[in-house]
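Q: To start, I am sharing the structure in question, which I have written as structure tokens.
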Amino acid sequence: MPSLKSLKMRITSVKSTQKITKAMKMVAAAKLRRAQEAAEAARPYSVRMAAVMASLASRVTVGPESPRLLAGTGKDQVHLLVVCSSERGLAGGFNSNIAKLARRTLEELQGQGKTVKLMFVGKKARAPFARTHKDLIVGTVDMSHIKNVGFADAKAVADDVVARFDAGEFDVAHLFFSTFKSALTQEPTRLQIIPAALPAGDAKGADASVEYEPDEESILADLLPKNLAVQVFRALLENAASEQGSRMTAMDSATRNAGDMINKLSITYNRTRQAAITKELIEIISGAEAL
Amino acid sequence: MAELLDFELVSPERRLAKAKVAMVVVPGVEGDFGVLPGHAPMMSTIRPGAIAIHETDGGPATQRFFIDGGFAEVTETGLTILAEQATPVAEIDVAAVATQLAAARAAGDEAAMARLEAMQAAATN
């Protein structure tokens with residue numbers, strides 16, 4: 001049986017751990033609210049952009065003359081996986097879930113004989129791949145100095161991806177991030193960004209006689225890189241919200257576990273203390289009786 | 001004319017303005033165009049320049065934003081401008097723009113030069 005002193009020390013240490021996890025949970029909750037607001041504020045733009053892309057898609061037929069971001073290179077030999085994760089750990093299964101999905105895709109693609117390259121936004125998903133697929137990593141974007149993701153950050157990532165595409169480094173690009181469903185559920189998601197998957201044009205957009213200035217093709221060529229940046233931005237915002245949601249849940253259960261542990265330890269402590277007192281009493285009484 | 005135009009200016013980060021206005025002048029790539037209520041549907045890309053918002057019919061421009069390129073969509077109901085960056089013209093720091101412009105000229109960065117020149121023009125007139 002552990003001594004009274006060591007029990008007391010364990011209780012104090014679990015209590016201070018509980019304080020930390022509780023604080024982290026509250027910080028995550030506050031950050032989650034902010035991240036959700038940011039995601040909410042960004043919605044009108046992406047909704048509009050999707051609508052514009054859809055109405056353009058209904059007018060433009062994809063052919064060899066289409067912009068390469070839309071038509072692709074005509075091959076699908078080299079795949080680039082852009083994996084977005086967070087910069088900090090202690091967020092439950094958030095990072096490992098994204099990494100797992102990316103790894104599954106990677107193995108699947110390699111199984112089909114494709115070449116895979118990896119690019120990371122945020123360092124946490126990098127670590128598991130750095131051990132096994134070090135030679136496949138072509139770039140890591142450090143986000144640790146960024147507190148709130150801005151569009152400029154997303155644009156820098158998108159520009160980098162487009163530059164690599166133009167340089168012929170890959171044929172198809174996938175984006176990995178975590179979709180925020182609620183504070184309790186986040187879903188790792190894979191999205192193909194190059195060649196762009198155009199949303200099916202709705203009939204309404206096709207009916208209206210819309211003038212295009214300049215023509216549809218040039219607008220589309222202008223919009224495609226922007227759309228890419230918007231998609232990356234959305235992914236980063238979703239990720240930010242998911243990270244905080246996931247951390248909040250993880251820290252909540254950690255706080256609860258610490259509470260349970262404190263209860264158990266307190267019971268053991270009290271029992272041990274009572275046993276010690278009883279033992280002392282028996283010793284005194286039997287000593288007195290012997291006289 | 002009492003009819004007003006639904007005007008919306010959105011950046012990727014947030015909605016910057018949403019109002020009912022009489023007219024908006026947009027610097028399209030093929031020339032400036034004014035959008036009034038009932039304008040035929042159109043889509044146009046925007047070159048760097050200032051959009052002028054006229055809140056009252058025939059009145060002066062009440063609000064001006066410098067747009068660093070973007071996209072305008074006119075539908076039957078209104079005008080939406082998707083801008084990557086929009087700054088109220090009044091908030092442009094003319095001196096800072098001038099130094100940046102000089103730096104861009106020295107570096108021979110033509111894209112930045114065109115952008116900054118447009119910014120300067122918007123701020124000064």
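So you can find residues: chains in the structure tokens are A, B, ... in the order shown, residues in each start at 1, and ligands are numbered from 1 in order.
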Report as a VMD selection string the set of chain A residues whose atoms approach chain B to within 6 Å, with distances computed over only C-alpha atoms.

A: chain A and resid 41 to 42 45 210 to 213

Q: Write out as a list in words all residues of chain B that DSSP puts in alpha helix (DSSP H) for this structure's backbone.

A: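 Restricting chain B to alpha helix (DSSP H) produces Val94, Ala95, Ala96, Val97, Ala98, Thr99, Gln100, Leu101, Ala102, Ala103, Ala104, Arg105, Ala106, Ala107, Glu110, Ala111, Ala112, Met113, Ala114, Arg115, Leu116, Glu117, Ala118, Met119, Gln120, Ala121, Ala122, Ala123 and Thr124 of chain B.
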
Q: Write down as a PyMOL selection string the residues of region 26-103 of chain B whose backbone DSSP state falls under strand (DSSP E).

A: chain B and resi 26-28+31-35+42-46+49-54+63-67+70-74+78-83+86-88

Q: Using only C-alpha atoms, pick whichever of B:Ile53, B:Ala22, B:Ala123, B:Leu79 has the shortest atom-to-atom distance to Ile92 (chain B).

A: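 The shortest atom-to-atom distance to Ile92 (chain B) comes from B:Ala123.
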
Q: Could you check the closest approach to Phe94 (chain A) for each of A:Lys124, A:His145, A:Lys75, A:Arg48 and tell me which residue wins, using only C-alpha atoms?

A: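 Looking only at the distances to Phe94 (chain A), the closest residue turns out to be A:Lys124.
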
Q: Quick one, how far is CA of Ala19 (chain B) from CA of Gln36 (chain A)?

A: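 Distance reported for this atom pair: 24.7 Å.
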
Q: Between A:Ser182, A:Thr249, A:Leu69, A:Ser85, which residue has the minimum interatomic distance to Ala163 (chain A), considering only C-alpha atoms?

A: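 That would be A:Leu69, the residue with the smallest distance to Ala163 (chain A).
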
Q: When you look at Arg59 (chain A) with a cut-off of 8 Å (counting only C-alpha atoms), what residues show up, excluding the ones that are within fewer than 2 positions of it in the same chain? I need them as a list in words.

A: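 That gives Ser55, Leu56, Ala57, Thr61, Ala206 and Glu216 of chain A.
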
Q: Which residue, A:Gly111, A:Asn95, A:Ala154, A:Ala229, has the smallest gap to Arg126 (chain A) when you use only C-alpha atoms?

A: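 Comparing A:Gly111, A:Asn95, A:Ala154, A:Ala229 against Arg126 (chain A), the winner is A:Asn95.
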
Q: Excluding Val24 (chain B) and any residue of its chain fewer than 5 positions from it, enumerate the residues within 8 Å of it, using only C-alpha atoms, and give them as a VMD selection string.

A: chain B and resid 34 to 36 51 to 54

Q: One decimal, in Å: what's the spacing between CA of Ala38 (chain A) and CA of Val230 (chain A)?

A: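 Going from CA of Ala38 (chain A) over to CA of Val230 (chain A) covers 13.6 Å.
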
Q: Please determine, counting only C-alpha atoms, which residue among B:Leu4, B:Thr62, B:Ala90, B:Pro48 has the shortest atom-to-atom distance to Glu117 (chain B).

A: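 Smallest distance to Glu117 (chain B) is found for B:Pro48.
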
Q: For a quick check of understanding, using only C-alpha atoms, which of B:Gly78, B:Pro88, B:Pro37, B:Gly69 has the smallest distance to Ala118 (chain B)?

A: B:Gly69

Q: Which neighbours of Val21 (chain B) fall inside 6 Å, counting only C-alpha atoms, when residues of the same chain fewer than 2 positions from it are skipped, and could you give them as a list in words?

A: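 Here the answer would be Leu4, Leu5, Met23 and Glu55 of chain B.
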
Q: Save out the residues we just selected, C-alpha atoms, as a PDB file, in the first residue's frame.

A:
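As a result, selection38.pdb now contains:
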ATOM      1  CA  LEU B   4     -32.432  51.063 -55.535  1.00  0.00           C
ATOM      2  CA  LEU B   5     -29.744  48.555 -56.247  1.00  0.00           C
ATOM      3  CA  MET B  23     -25.489  53.592 -58.556  1.00  0.00           C
ATOM      4  CA  GLU B  55     -26.139  56.368 -52.460  1.00  0.00           C
TER       5      GLU B  55
END

Q: Output as JSON lines one row per residue of region 19-99 of chain A within 7 Å of region 250-253 of chain A: the closest atom pair and its distance in Å to one decimal place, counting only C-alpha atoms, sorted by chain and residue number ascending.

A:
{"residue": "A:Thr21", "atom": "CA", "partner": "A:Met251", "partner_atom": "CA", "distance": 5.3}
{"residue": "A:Lys22", "atom": "CA", "partner": "A:Met251", "partner_atom": "CA", "distance": 6.7}
{"residue": "A:Met24", "atom": "CA", "partner": "A:Met251", "partner_atom": "CA", "distance": 6.6}
{"residue": "A:Lys25", "atom": "CA", "partner": "A:Met251", "partner_atom": "CA", "distance": 5.2}
{"residue": "A:Ala91", "atom": "CA", "partner": "A:Ala250", "partner_atom": "CA", "distance": 6.2}
{"residue": "A:Gly92", "atom": "CA", "partner": "A:Ala250", "partner_atom": "CA", "distance": 5.0}

Q: One decimal, Å: what's the distance from CA of Arg164 (chain A) over to CA of Ala86 (chain B), could you say?

A: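 Atom-to-atom, CA of Arg164 (chain A) and CA of Ala86 (chain B) are spaced 28.4 Å apart.
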